[in-house]
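Here's query.cif, which has mmCIF, C-alpha atoms and all ligand atoms; chains and numbers go by the auth columns:
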data_query
loop_
_atom_site.group_PDB
_atom_site.id
_atom_site.type_symbol
_atom_site.label_atom_id
_atom_site.label_comp_id
_atom_site.label_asym_id
_atom_site.label_seq_id
_atom_site.Cartn_x
_atom_site.Cartn_y
_atom_site.Cartn_z
_atom_site.B_iso_or_equiv
_atom_site.auth_seq_id
_atom_site.auth_asym_id
ATOM 1 C CA MET A 1 0.000 0.000 0.000 0.00 1 A
ATOM 2 C CA PRO A 2 1.646 3.280 -1.056 0.00 2 A
ATOM 3 C CA ALA A 3 1.779 6.120 1.463 0.00 3 A
ATOM 4 C CA PRO A 4 -0.702 8.977 0.951 0.00 4 A
ATOM 5 C CA LEU A 5 0.544 12.402 -0.164 0.00 5 A
ATOM 6 C CA ALA A 6 0.418 15.245 2.342 0.00 6 A
ATOM 7 C CA ASP A 7 -1.673 18.349 1.659 0.00 7 A
ATOM 8 C CA LEU A 8 0.842 21.155 1.066 0.00 8 A
ATOM 9 C CA SER A 9 -1.860 23.817 1.287 0.00 9 A
ATOM 10 C CA ALA A 10 -2.560 23.055 4.941 0.00 10 A
ATOM 11 C CA LEU A 11 0.748 22.462 6.733 0.00 11 A
ATOM 12 C CA PRO A 12 0.614 22.530 10.533 0.00 12 A
ATOM 13 C CA PRO A 13 2.696 24.884 12.731 0.00 13 A
ATOM 14 C CA VAL A 14 6.165 23.720 13.781 0.00 14 A
ATOM 15 C CA ALA A 15 6.951 23.506 17.504 0.00 15 A
ATOM 16 C CA PRO A 16 9.302 26.465 18.166 0.00 16 A
ATOM 17 C CA GLU A 17 11.436 24.369 20.584 0.00 17 A
ATOM 18 C CA LEU A 18 12.523 22.263 17.628 0.00 18 A
ATOM 19 C CA TRP A 19 14.881 24.991 16.392 0.00 19 A
ATOM 20 C CA ALA A 20 16.568 25.223 19.776 0.00 20 A
ATOM 21 C CA ARG A 21 16.951 21.436 19.940 0.00 21 A
ATOM 22 C CA LEU A 22 18.414 21.302 16.449 0.00 22 A
ATOM 23 C CA ALA A 23 20.803 24.163 17.227 0.00 23 A
ATOM 24 C CA TYR A 24 22.266 22.072 20.073 0.00 24 A
ATOM 25 C CA SER A 25 23.239 19.368 17.596 0.00 25 A
ATOM 26 C CA LYS A 26 26.596 20.230 16.037 0.00 26 A
ATOM 27 C CA PHE A 27 25.867 17.688 13.325 0.00 27 A
ATOM 28 C CA ARG A 28 22.467 19.149 12.355 0.00 28 A
ATOM 29 C CA ALA A 29 23.490 22.791 12.749 0.00 29 A
ATOM 30 C CA ARG A 30 26.334 22.568 10.233 0.00 30 A
ATOM 31 C CA PHE A 31 23.972 21.961 7.303 0.00 31 A
ATOM 32 C CA HIS A 32 23.281 24.992 5.130 0.00 32 A
ATOM 33 C CA LEU A 33 22.215 25.541 1.556 0.00 33 A
ATOM 34 C CA GLY A 34 25.157 25.955 -0.805 0.00 34 A
ATOM 35 C CA ALA A 35 25.152 28.466 -3.654 0.00 35 A
ATOM 36 C CA LYS A 36 23.796 25.835 -6.050 0.00 36 A
ATOM 37 C CA GLU A 37 20.895 24.888 -3.810 0.00 37 A
ATOM 38 C CA GLN A 38 20.132 28.567 -3.087 0.00 38 A
ATOM 39 C CA ASP A 39 19.984 29.213 -6.840 0.00 39 A
ATOM 40 C CA TYR A 40 17.775 26.185 -7.372 0.00 40 A
ATOM 41 C CA LEU A 41 15.365 27.311 -4.664 0.00 41 A
ATOM 42 C CA ALA A 42 15.291 30.884 -5.990 0.00 42 A
ATOM 43 C CA SER A 43 14.760 29.878 -9.622 0.00 43 A
ATOM 44 C CA ARG A 44 12.198 27.092 -9.060 0.00 44 A
ATOM 45 C CA GLY A 45 10.457 28.803 -6.168 0.00 45 A
ATOM 46 C CA LEU A 46 9.435 27.399 -2.791 0.00 46 A
ATOM 47 C CA PRO A 47 6.069 25.913 -3.890 0.00 47 A
ATOM 48 C CA ALA A 48 7.713 23.783 -6.614 0.00 48 A
ATOM 49 C CA VAL A 49 10.531 22.742 -4.296 0.00 49 A
ATOM 50 C CA MET A 50 7.943 21.747 -1.681 0.00 50 A
ATOM 51 C CA ARG A 51 6.127 19.591 -4.236 0.00 51 A
ATOM 52 C CA HIS A 52 9.417 17.730 -4.703 0.00 52 A
ATOM 53 C CA ALA A 53 9.684 17.477 -0.915 0.00 53 A
ATOM 54 C CA ALA A 54 6.199 15.966 -0.651 0.00 54 A
ATOM 55 C CA ASP A 55 7.176 13.370 -3.241 0.00 55 A
ATOM 56 C CA PHE A 56 10.480 12.536 -1.502 0.00 56 A
ATOM 57 C CA ILE A 57 8.734 12.169 1.854 0.00 57 A
ATOM 58 C CA ALA A 58 5.893 10.016 0.497 0.00 58 A
ATOM 59 C CA THR A 59 8.150 7.689 -1.488 0.00 59 A
ATOM 60 C CA ARG A 60 11.442 7.562 0.472 0.00 60 A
ATOM 61 C CA LEU A 61 10.359 8.096 4.074 0.00 61 A
ATOM 62 C CA ALA A 62 6.669 7.380 4.631 0.00 62 A
ATOM 63 C CA PRO A 63 6.577 3.626 3.906 0.00 63 A
ATOM 64 C CA ALA A 64 6.706 1.450 7.019 0.00 64 A
ATOM 65 C CA ARG A 65 10.034 0.058 5.787 0.00 65 A
ATOM 66 C CA PRO A 66 11.572 2.497 3.315 0.00 66 A
ATOM 67 C CA ALA A 67 14.107 1.178 0.829 0.00 67 A
ATOM 68 C CA ARG A 68 17.742 1.761 1.927 0.00 68 A
ATOM 69 C CA ASP A 69 16.540 3.359 5.150 0.00 69 A
ATOM 70 C CA GLY A 70 19.324 5.432 6.680 0.00 70 A
ATOM 71 C CA ARG A 71 20.901 6.044 3.270 0.00 71 A
ATOM 72 C CA GLN A 72 17.891 7.205 1.235 0.00 72 A
ATOM 73 C CA THR A 73 18.641 10.940 1.443 0.00 73 A
ATOM 74 C CA PRO A 74 21.623 12.192 -0.614 0.00 74 A
ATOM 75 C CA TRP A 75 23.987 14.752 0.927 0.00 75 A
ATOM 76 C CA ARG A 76 23.632 17.265 -1.897 0.00 76 A
ATOM 77 C CA GLY A 77 21.860 17.884 -5.192 0.00 77 A
ATOM 78 C CA HIS A 78 18.538 19.304 -3.954 0.00 78 A
ATOM 79 C CA PRO A 79 17.736 21.916 -1.300 0.00 79 A
ATOM 80 C CA VAL A 80 15.255 19.524 0.302 0.00 80 A
ATOM 81 C CA PHE A 81 17.970 16.902 0.907 0.00 81 A
ATOM 82 C CA ILE A 82 20.019 19.466 2.830 0.00 82 A
ATOM 83 C CA ALA A 83 16.910 20.550 4.757 0.00 83 A
ATOM 84 C CA GLN A 84 16.196 16.922 5.661 0.00 84 A
ATOM 85 C CA HIS A 85 19.662 16.396 7.147 0.00 85 A
ATOM 86 C CA ALA A 86 19.448 19.722 8.973 0.00 86 A
ATOM 87 C CA THR A 87 16.074 18.905 10.540 0.00 87 A
ATOM 88 C CA GLY A 88 16.262 15.182 11.324 0.00 88 A
ATOM 89 C CA THR A 89 13.779 14.286 8.581 0.00 89 A
ATOM 90 C CA CYS A 90 16.280 12.262 6.506 0.00 90 A
ATOM 91 C CA CYS A 91 15.503 8.677 7.549 0.00 91 A
ATOM 92 C CA ARG A 92 13.180 6.829 9.893 0.00 92 A
ATOM 93 C CA GLY A 93 15.757 6.581 12.673 0.00 93 A
ATOM 94 C CA CYS A 94 16.151 10.359 12.688 0.00 94 A
ATOM 95 C CA VAL A 95 12.402 10.939 12.371 0.00 95 A
ATOM 96 C CA ALA A 96 11.861 8.709 15.396 0.00 96 A
ATOM 97 C CA LYS A 97 14.556 10.492 17.402 0.00 97 A
ATOM 98 C CA TRP A 98 13.726 14.089 16.453 0.00 98 A
ATOM 99 C CA HIS A 99 10.011 13.984 15.749 0.00 99 A
ATOM 100 C CA ALA A 100 8.779 11.077 17.860 0.00 100 A
ATOM 101 C CA MET A 101 7.222 9.151 14.978 0.00 101 A
ATOM 102 C CA PRO A 102 7.852 5.443 15.533 0.00 102 A
ATOM 103 C CA GLU A 103 9.794 3.347 13.049 0.00 103 A
ATOM 104 C CA GLY A 104 8.125 0.404 11.347 0.00 104 A
ATOM 105 C CA GLU A 105 4.790 2.129 10.754 0.00 105 A
ATOM 106 C CA MET A 106 3.688 4.013 7.652 0.00 106 A
ATOM 107 C CA LEU A 107 3.608 7.787 8.086 0.00 107 A
ATOM 108 C CA ASP A 108 0.108 9.067 7.422 0.00 108 A
ATOM 109 C CA ALA A 109 -0.689 12.275 5.536 0.00 109 A
ATOM 110 C CA GLN A 110 -0.796 14.283 8.756 0.00 110 A
ATOM 111 C CA GLN A 111 2.615 13.079 9.948 0.00 111 A
ATOM 112 C CA GLN A 112 4.077 13.753 6.529 0.00 112 A
ATOM 113 C CA GLY A 113 2.494 17.210 6.631 0.00 113 A
ATOM 114 C CA TYR A 114 4.306 17.962 9.873 0.00 114 A
ATOM 115 C CA LEU A 115 7.680 16.865 8.479 0.00 115 A
ATOM 116 C CA LEU A 116 7.027 18.977 5.383 0.00 116 A
ATOM 117 C CA ALA A 117 6.177 21.960 7.569 0.00 117 A
ATOM 118 C CA VAL A 118 9.556 21.520 9.290 0.00 118 A
ATOM 119 C CA ILE A 119 11.366 21.315 5.946 0.00 119 A
ATOM 120 C CA GLN A 120 9.535 24.350 4.580 0.00 120 A
ATOM 121 C CA ALA A 121 10.229 26.427 7.699 0.00 121 A
ATOM 122 C CA TRP A 122 13.935 25.506 7.528 0.00 122 A
ATOM 123 C CA LEU A 123 14.091 26.476 3.833 0.00 123 A
ATOM 124 C CA LYS A 124 12.455 29.821 4.634 0.00 124 A
ATOM 125 C CA ARG A 125 14.909 30.444 7.454 0.00 125 A
ATOM 126 C CA GLU A 126 17.832 29.592 5.162 0.00 126 A
ATOM 127 C CA SER A 127 16.684 31.789 2.325 0.00 127 A
ATOM 128 C CA ALA A 128 15.952 34.832 4.485 0.00 128 A
ATOM 129 C CA PRO A 129 18.858 34.942 6.983 0.00 129 A
ATOM 130 C CA GLU A 130 19.176 38.710 6.772 0.00 130 A
ATOM 131 C CA GLN A 131 15.749 39.090 8.389 0.00 131 A
ATOM 132 C CA GLY A 132 16.743 37.092 11.432 0.00 132 A
ATOM 133 C CA ASN A 133 15.353 33.642 12.069 0.00 133 A
ATOM 134 C CA ASP A 134 12.435 34.629 14.226 0.00 134 A
ATOM 135 C CA GLU A 135 11.101 37.105 11.700 0.00 135 A
ATOM 136 C CA ALA A 136 11.589 34.645 8.843 0.00 136 A
ATOM 137 C CA GLU A 137 9.398 32.256 10.766 0.00 137 A
ATOM 138 C CA ALA A 138 6.805 34.945 11.422 0.00 138 A
ATOM 139 C CA VAL A 139 6.252 35.835 7.744 0.00 139 A
ATOM 140 C CA LYS A 140 5.005 32.380 6.928 0.00 140 A
HETATM 141 ZN ZN ZN B . 18.702 10.201 9.197 0.00 201 A
#

Represent the structure from my file as structure tokens, please.
Ligand SMILES: [Zn+2]
Amino acid sequence: MPAPLADLSALPPVAPELWARLAYSKFRARFHLGAKEQDYLASRGLPAVMRHAADFIATRLAPARPARDGRQTPWRGHPVFIAQHATGTCCRGCVAKWHAMPEGEMLDAQQQGYLLAVIQAWLKRESAPEQGNDEAEAVK
């Protein structure tokens, strides 16, 4: 049974404590968009990039036992991949640890929507650093 697709038009709010938790992780905090990924995001636009994200999450992460789990998210090549490593949404082990969604069960549309909200908020924070992170969050 394939996982359902999340509704990108109705993403839930992200818990603000998440950003503080992620900032404490040296591993997570070192991820940032490179020039290539910034360009990709700027030229394609956030809505198109988020449609890719919804597809990645539904196909590579949401199944109860994703293929190559733990290695399914490349380290570069798409802004969403970077966002996934930065936010603990890269594999089911990280999703369990960072977002308390148990391994071994399919992620439903609502759970996927939350992970997509996290990815989208991170992308907004990365693409608007001059506004300060809190304000970048507020304009969403
Ligand atoms: Zn991971």

### Query
Is there a way to get, as an MDAnalysis selection string, all residues within 10 Å of the point (5.0, 19.8, 6.4) in file coordinates, counting all atoms listed in the file?
chainID A and resid 6:14 50 53:54 57 109:121

### Message
Taking all atoms listed in the file into account, name the residue in A:His32, A:His85, A:Arg125, A:Arg92 that is nearest to Trp19 (chain A).
### Response
A:Arg125

## Note on the structure
Shortest contact to ligand ZN 201 (chain A), candidates A:Ala83, A:Cys90, A:Leu123, A:Ala100, atoms counted only C-alpha atoms and all ligand atoms, goes to A:Cys90

### Query
Expressed in Å to a single decimal, how great is the separation between CA of His78 (chain A) and CA of Pro47 (chain A)?
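Computing the Euclidean distance for CA of His78 (chain A) and CA of Pro47 (chain A) yields 14.1 Å.
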
As lines of an AutoDock Vina configuration file, please: the centre and edge lengths in Å, to one decimal, of an axis-aligned box enclosing every listed atom of region 46-55 of chain A with 6 Å added on each side.
center_x = 8.3
center_y = 20.4
center_z = -3.6
size_x = 16.5
size_y = 26.0
size_z = 18.0

#### Entry: Resolved residues for the PyMOL selection byres (((chain A and resi 86-88) around 10) and not hetatm) as a PyMOL selection string
chain A and resi 18-19+21-23+25+27-33+80-85+89-99+115+118-119+121-122

### Task
Would you list the contacts of Tyr40 (chain A) as a PyMOL selection string, taking every protein, DNA or RNA residue within 9 Å and counting all atoms listed in the file, but skipping same-chain residues closer than 3 positions in sequence?
chain A and resi 35-37+43-45+49+78-79

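Coordinates place CA of Gly77 (chain A) at a distance of 20.9 Å from CA of Ala62 (chain A).
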
### Query
Between A:Gly104, A:Pro63, A:Pro16, A:Gly70, which has the minimum distance to ligand ZN 201 (chain A) (counting only C-alpha atoms and all ligand atoms)?
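Closest residue, counting only C-alpha atoms and all ligand atoms: A:Gly70.
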
### Task
Considering all atoms listed in the file, state which residue in the set A:Gly34, A:Arg71, A:Leu61, A:Ala15 is at the smallest distance from Asp108 (chain A).
A:Leu61

### Straight-line distance linking CA of Thr59 (chain A) with CA of Gln72 (chain A), stated in Å to one decimal
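Pair CA of Thr59 (chain A) / CA of Gln72 (chain A) returns 10.1 Å.
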
### Query
Taking (10.7, 0.2, 8.9) in the file's coordinates as the center, which residues reach within 7 Å of it, counting only C-alpha atoms, put as a ChimeraX atom specification?
/A:64-66,103-105

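Considering all atoms listed in the file, the residue among A:Leu5, A:Met106, A:Arg60, A:Ala128 positioned nearest to ligand ZN 201 (chain A) is A:Arg60.
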